[in-house]
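Remarks on the structure that follows.
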Amino acid sequence: MTDKNENIYTVISTPNIALVKYWGKRKPQQLNLPNNSSVSMTLSSDALKTKTSVALNPNSKDDEVYINGVMQQRNSSEKTNFIFNIIEEMRGLSKYNNKLLVVSENSFPTGSGLASSASGAAALVFALNTALKLNLSTRELSIISRKISGSACRSVIGGFVFWEKGLKEDGSDSYARQIVQTDYWDLVDIIGIIDSNTKKVSSSEGHALTSKTSSLYKERIKFAESNALIAEKAIKDKDFSTLSEVIMRDSNNMHATMLDTWPPIRYITDKSWDALQAILELNKSHGENIAAYTFDAGPNIHVITEQKHSIEVKKLITELLGDENKIIFSKIGNGPTIINDGALIGESLTPII
Ligand code: PMV
């Protein structure tokens, strides 16, 4: 489809990087309810992004979903089921009874620990909200996107974000809220791509296995909950010294419970460890923390720093990885953006890596 069409609704959305991580789910598992609150920074769209278009498709027999050019089959995986269920759930809230066409593309590899599902889920939920004229609140959109991928509930909001773990079984009190907006503090995320292949253990498998088998996990929940509160305050106070230590120790702690999982899960590689050491050395040479490393469910390093140190940090990571093309530089982003120009559905995004 290449014509401009007023029935096409397009949204650009971005991943977020967790500064205090969500790992492990409480019951009922299918609602992606966390055991602890978490804190993140939404990334800017000049770095990593998902573009999702939704078109009303009244003559089709079924809903059609394409991700990165591949038609998705219902029941082919847990994730695709979630997507089709969300389409049904949101259509059920609207006055529209016919089928929908969804086309979604990432500018970066899916399933490589770069939070493609968070970005994709936020874009989908926003695009459906627009196409179906639902006018749902940010809180409602956060709750719906959480059901596709837990961390997606943080990508529906820009700036610095706090995901309240909530206590209710129906998940109605487990949603993200903004701590402060995008331009409050000029932190950046410098991502070093150590490996962009699909991870061997998906995050959904990892969440389940760690919470079931790790003996350290009980401590992790308490530690992370208190980290989330400390991080929120440090962000409001622009206190990098406190925030950087929380970011690094929370990442270490989550990866320790992954290693303590049975069978053990190891996302970081020897190269990730070298990059981690380089950040510790950098901080030592400055006599204070000027950068913080963090790793999600993958080997790629995210280095959080203030804009004023970004050239130095970028240079260090580039030297370490030996290739400028392996660096992604991201500022803080504003969250999903609706493009109201009848944008071309299926238009390719240039892969960023
Ligand atoms: O939302 P999921 O199921 O992809 O899990 C994300 C888990 C981490 O990225 C490791 C941590 C986080 O809070 O984003």
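Residues in the structure tokens are named by chain (A, B, ... in the order shown) and by number from 1 within that chain; ligands are numbered from 1 in the order shown.
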- [ ] Name the residues in contact with stretch 125-138 of chain A at a cut-off of 8 Å, using only C-alpha atoms, excluding same-chain residues fewer than 4 positions from it; report them as a count of residues only.
- [x] 26
Skip A:Asp46 itself and residues of its chain fewer than 6 positions away, then list as a PDB file with N, CA and C atoms, in the first residue's frame all residues within 10 Å of it, counting only C-alpha atoms.
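And here's part_9.pdb as it stands now:
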```
ATOM      1  N   THR A  14       9.436   4.244  21.083  1.00  0.00           N
ATOM      2  CA  THR A  14      10.851   3.926  21.364  1.00  0.00           C
ATOM      3  C   THR A  14      10.981   2.982  22.560  1.00  0.00           C
ATOM      4  N   ILE A 328      25.255   3.159  19.637  1.00  0.00           N
ATOM      5  CA  ILE A 328      23.999   3.889  19.443  1.00  0.00           C
ATOM      6  C   ILE A 328      23.930   4.950  20.532  1.00  0.00           C
ATOM      7  N   PHE A 329      23.683   6.171  20.113  1.00  0.00           N
ATOM      8  CA  PHE A 329      23.648   7.278  21.069  1.00  0.00           C
ATOM      9  C   PHE A 329      22.203   7.717  21.220  1.00  0.00           C
ATOM     10  N   SER A 330      21.705   7.698  22.448  1.00  0.00           N
ATOM     11  CA  SER A 330      20.309   8.096  22.642  1.00  0.00           C
ATOM     12  C   SER A 330      20.148   9.115  23.751  1.00  0.00           C
ATOM     13  N   LYS A 331      19.368  10.136  23.445  1.00  0.00           N
ATOM     14  CA  LYS A 331      18.965  11.080  24.492  1.00  0.00           C
ATOM     15  C   LYS A 331      17.674  10.545  25.116  1.00  0.00           C
ATOM     16  N   GLY A 333      13.720  10.442  25.446  1.00  0.00           N
ATOM     17  CA  GLY A 333      12.653  10.684  24.472  1.00  0.00           C
ATOM     18  C   GLY A 333      11.327  11.057  25.102  1.00  0.00           C
ATOM     19  N   ILE A 352      19.172   0.498  12.066  1.00  0.00           N
ATOM     20  CA  ILE A 352      20.182   1.333  12.707  1.00  0.00           C
ATOM     21  C   ILE A 352      21.475   0.564  12.928  1.00  0.00           C
TER      22      ILE A 352
END
```
- [ ] Point out the residue among A:Lys199, A:Glu306, A:Gly192, A:Gly159 with the least atom-to-atom distance to A:Leu276, counting only C-alpha atoms.
- [x]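 For A:Leu276, the nearest of the candidates is A:Gly192.
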Dump as a Markdown table the rows for residues of chain A within 6 Å of ligand 1: closest atom pair and distance in Å with one decimal, only C-alpha atoms and all ligand atoms counted, ordered by chain and rising residue number.
```
| residue | atom | partner | partner_atom_place_in_ligand_line | distance |
| --- | --- | --- | --- | --- |
| A:Ala18 | CA | ligand 1 | 13 (O) | 4.8 |
| A:Lys21 | CA | ligand 1 | 13 (O) | 3.7 |
| A:Tyr22 | CA | ligand 1 | 13 (O) | 3.7 |
| A:Trp23 | CA | ligand 1 | 7 (C) | 5.6 |
| A:Ser149 | CA | ligand 1 | 1 (O) | 4.4 |
| A:Gly150 | CA | ligand 1 | 1 (O) | 3.9 |
| A:Ser151 | CA | ligand 1 | 1 (O) | 3.7 |
| A:Ser203 | CA | ligand 1 | 3 (O) | 5.1 |
| A:Ser204 | CA | ligand 1 | 3 (O) | 5.3 |
| A:Asp296 | CA | ligand 1 | 10 (C) | 4.0 |
| A:Ala297 | CA | ligand 1 | 10 (C) | 4.4 |
```
Those residues with N, CA and C atoms, as a short mmCIF file (atom, residue, chain, number, x, y, z; two decimals), in the first residue's frame please?
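Okay, this is what ended up in result-v2.cif:
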```cif
data_model
loop_
_atom_site.label_atom_id
_atom_site.label_comp_id
_atom_site.auth_asym_id
_atom_site.auth_seq_id
_atom_site.Cartn_x
_atom_site.Cartn_y
_atom_site.Cartn_z
N ALA A 18 15.82 0.36 31.52
CA ALA A 18 15.52 0.29 32.96
C ALA A 18 16.76 0.64 33.77
N LYS A 21 15.64 -2.58 37.53
CA LYS A 21 15.05 -3.56 36.62
C LYS A 21 13.85 -4.32 37.18
N TYR A 22 13.03 -4.76 36.22
CA TYR A 22 11.92 -5.69 36.47
C TYR A 22 12.40 -7.07 36.03
N TRP A 23 12.41 -8.02 36.94
CA TRP A 23 12.77 -9.40 36.55
C TRP A 23 11.98 -10.36 37.44
N SER A 149 4.01 -6.90 26.89
CA SER A 149 5.37 -7.05 27.42
C SER A 149 5.45 -6.14 28.64
N GLY A 150 5.86 -6.69 29.77
CA GLY A 150 5.84 -5.92 31.01
C GLY A 150 6.48 -4.55 30.87
N SER A 151 7.73 -4.54 30.36
CA SER A 151 8.47 -3.28 30.31
C SER A 151 7.85 -2.28 29.34
N SER A 203 13.13 -13.34 27.40
CA SER A 203 12.89 -12.77 28.73
C SER A 203 11.70 -13.45 29.40
N SER A 204 10.67 -13.87 28.63
CA SER A 204 9.54 -14.52 29.32
C SER A 204 9.97 -15.83 29.99
N ASP A 296 20.53 -5.25 30.19
CA ASP A 296 19.21 -5.91 30.23
C ASP A 296 19.39 -7.41 30.01
N ALA A 297 18.37 -8.05 29.44
CA ALA A 297 18.49 -9.49 29.20
C ALA A 297 19.27 -9.71 27.90
#
```
- [ ] Find the spatial neighbours of A:Ser214, counting only C-alpha atoms, within a cut-off of 10 Å - ignore same-chain residues fewer than 4 positions away - and output them as a ChimeraX atom specification.
- [x] /A:209-210,218,220,256-264
Take the residues from that selection and put them in a file with N, CA, C and O atoms, as a short mmCIF file (atom, residue, chain, number, x, y, z; two decimals), in the first residue's frame.
```
data_model
loop_
_atom_site.label_atom_id
_atom_site.label_comp_id
_atom_site.auth_asym_id
_atom_site.auth_seq_id
_atom_site.Cartn_x
_atom_site.Cartn_y
_atom_site.Cartn_z
N LEU A 209 11.72 -18.71 35.08
CA LEU A 209 12.72 -19.62 35.66
C LEU A 209 13.39 -19.02 36.90
O LEU A 209 13.58 -19.70 37.91
N THR A 210 13.77 -17.74 36.81
CA THR A 210 14.48 -17.12 37.95
C THR A 210 13.57 -17.07 39.17
O THR A 210 13.97 -17.45 40.27
N LYS A 218 14.40 -13.87 46.48
CA LYS A 218 13.63 -13.19 47.55
C LYS A 218 14.30 -11.89 47.96
O LYS A 218 13.66 -10.87 48.17
N ARG A 220 16.41 -10.21 46.10
CA ARG A 220 16.38 -9.34 44.92
C ARG A 220 15.12 -8.43 44.97
O ARG A 220 15.21 -7.24 44.70
N ALA A 256 23.00 -11.45 38.90
CA ALA A 256 23.37 -12.49 39.88
C ALA A 256 22.23 -13.49 40.06
O ALA A 256 22.46 -14.70 40.14
N THR A 257 20.99 -13.00 40.10
CA THR A 257 19.86 -13.95 40.25
C THR A 257 19.69 -14.77 38.97
O THR A 257 19.24 -15.91 39.02
N MET A 258 20.06 -14.18 37.84
CA MET A 258 20.00 -14.95 36.58
C MET A 258 20.99 -16.12 36.64
O MET A 258 20.66 -17.25 36.28
N LEU A 259 22.20 -15.83 37.11
CA LEU A 259 23.22 -16.89 37.24
C LEU A 259 22.81 -17.93 38.26
O LEU A 259 23.16 -19.10 38.15
N ASP A 260 22.04 -17.47 39.27
CA ASP A 260 21.60 -18.37 40.34
C ASP A 260 20.35 -19.18 39.94
O ASP A 260 19.88 -20.03 40.68
N THR A 261 19.85 -18.90 38.74
CA THR A 261 18.68 -19.64 38.23
C THR A 261 19.11 -21.07 37.88
O THR A 261 20.27 -21.31 37.55
N TRP A 262 18.18 -22.00 37.96
CA TRP A 262 18.51 -23.37 37.56
C TRP A 262 17.62 -23.84 36.45
O TRP A 262 16.41 -23.83 36.62
N PRO A 263 18.15 -24.27 35.27
CA PRO A 263 19.55 -24.15 34.88
C PRO A 263 19.96 -22.68 34.74
O PRO A 263 19.13 -21.84 34.42
N PRO A 264 21.26 -22.39 34.96
CA PRO A 264 21.69 -20.99 35.01
C PRO A 264 21.51 -20.23 33.70
O PRO A 264 21.61 -20.82 32.63
#
```
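Between A:Asp170 and the residues A:Asn68, A:Leu43, A:Arg26, A:Glu88, the shortest atom-to-atom distance, using only C-alpha atoms, involves A:Arg26.
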- [ ] Taking the DSSP assignment computed from this structure's backbone, write out as a PyMOL selection string all residues of stretch 89-274 of chain A that belong to helix (DSSP H, G or I).
- [x] chain A and resi 89-92+116-131+138-148+152-155+182-184+203-213+217-236+240-259+270-274
TODO: Find the residue from A:Val188, A:Ile179, A:Leu101, A:Ile83 that sits nearest to A:Asp62; use only C-alpha atoms when measuring.
DONE: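 Looking at the shortest contact to A:Asp62, the residue is A:Leu101.
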TODO: Go through stretch 45-90 of chain A and collect every residue that DSSP, computed from the backbone, puts in strand (DSSP E or B); the answer should be as number ranges by chain.
DONE: A: 50-56, 64-67, 70-71
Would you put the residues from that selection into a file with N, CA and C atoms, as a short mmCIF file (atom, residue, chain, number, x, y, z; two decimals), in the first residue's frame?
```
data_model
loop_
_atom_site.label_atom_id
_atom_site.label_comp_id
_atom_site.auth_asym_id
_atom_site.auth_seq_id
_atom_site.Cartn_x
_atom_site.Cartn_y
_atom_site.Cartn_z
N THR A 50 10.28 2.07 16.76
CA THR A 50 9.33 1.19 16.08
C THR A 50 8.32 2.09 15.41
N LYS A 51 7.96 1.74 14.18
CA LYS A 51 6.90 2.48 13.50
C LYS A 51 5.75 1.50 13.27
N THR A 52 4.60 1.81 13.79
CA THR A 52 3.46 0.90 13.66
C THR A 52 2.29 1.64 13.03
N SER A 53 1.73 1.04 11.99
CA SER A 53 0.55 1.62 11.35
C SER A 53 -0.62 0.67 11.51
N VAL A 54 -1.77 1.24 11.81
CA VAL A 54 -3.00 0.44 11.90
C VAL A 54 -3.96 0.98 10.86
N ALA A 55 -4.53 0.08 10.04
CA ALA A 55 -5.51 0.50 9.05
C ALA A 55 -6.81 -0.24 9.29
N LEU A 56 -7.90 0.46 9.16
CA LEU A 56 -9.20 -0.20 9.23
C LEU A 56 -9.30 -1.02 7.95
N GLU A 64 -4.98 -8.85 10.29
CA GLU A 64 -3.66 -9.22 9.73
C GLU A 64 -2.59 -8.40 10.42
N VAL A 65 -1.53 -9.09 10.86
CA VAL A 65 -0.44 -8.40 11.56
C VAL A 65 0.88 -8.75 10.87
N TYR A 66 1.64 -7.74 10.49
CA TYR A 66 2.97 -7.94 9.90
C TYR A 66 4.00 -7.29 10.81
N ILE A 67 5.03 -8.05 11.21
CA ILE A 67 6.12 -7.46 11.98
C ILE A 67 7.40 -7.62 11.17
N VAL A 70 7.01 -9.73 8.12
CA VAL A 70 6.58 -11.14 8.23
C VAL A 70 5.17 -11.20 8.79
N MET A 71 4.28 -11.92 8.06
CA MET A 71 2.90 -12.05 8.52
C MET A 71 2.87 -12.93 9.77
#
```
Task: Distance query A:Phe84 at most 10 Å, only C-alpha atoms, self and fewer than 3 positions along chain excluded, as JSON, numbers by chain - done: {"A": [63, 64, 65, 72, 73, 74, 75, 79, 80, 81, 87, 88, 89, 148]}
What would the file look like if the residues just selected were written as a tab-separated table (two decimals), in the first residue's frame with C-alpha atoms?
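And here is the file that came out, again-v1.tsv:
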```
chain	number	residue	atom	x	y	z
A	63	ASP	CA	-7.06	-9.31	11.43
A	64	GLU	CA	-3.66	-9.22	9.73
A	65	VAL	CA	-0.44	-8.40	11.56
A	72	GLN	CA	2.17	-13.20	12.08
A	73	GLN	CA	0.10	-16.34	12.66
A	74	ARG	CA	-2.27	-16.49	15.61
A	75	ASN	CA	-1.16	-19.17	18.14
A	79	LYS	CA	3.78	-12.99	22.06
A	80	THR	CA	1.67	-13.22	18.88
A	81	ASN	CA	-1.30	-14.42	20.93
A	87	ILE	CA	-6.36	-6.07	19.14
A	88	GLU	CA	-9.57	-7.87	20.12
A	89	GLU	CA	-9.65	-6.28	23.57
A	148	ILE	CA	2.02	-7.64	25.74
```
TODO: Between atom CA of A:Asn97 and atom CA of A:Asn340, measure the distance and give it in Å to one decimal.
DONE: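 Separation of atom CA of A:Asn97 and atom CA of A:Asn340: 22.8 Å.
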- [ ] For A:Ala291, list every protein, DNA or RNA residue within 6 Å, evaluated using only C-alpha atoms, and leave out those in the same chain fewer than 2 positions away; present the list as a PyMOL selection string.
- [x] chain A and resi 289+304-305
Open item on the list: Measuring between only C-alpha atoms, which one of A:Ser38, A:Phe223, A:Ile190, A:Asn300 shows the shortest distance to A:Val313?
Closed with: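 Ranked by minimum distance to A:Val313, first place goes to A:Ile190.
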Task: Residues near A:Glu232, cut-off 9 Å, only C-alpha atoms, skip fewer than 6 positions along chain, as a PyMOL selection string - done: chain A and resi 39+160-162+179+243
- [ ] Have a look at A:Ser119, A:Thr294, A:Ser77, A:Ser104 and name the one nearest to A:Asn252; count only C-alpha atoms.
- [x]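 Distance minimum relative to A:Asn252 lands on A:Thr294.
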Open item on the list: So the first atom is atom CA of A:Ala152 and the second is atom CA of A:Gly120; what is the distance between them in Å, to one decimal place?
Closed with: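 Here the two named atoms are 8.0 Å from each other.
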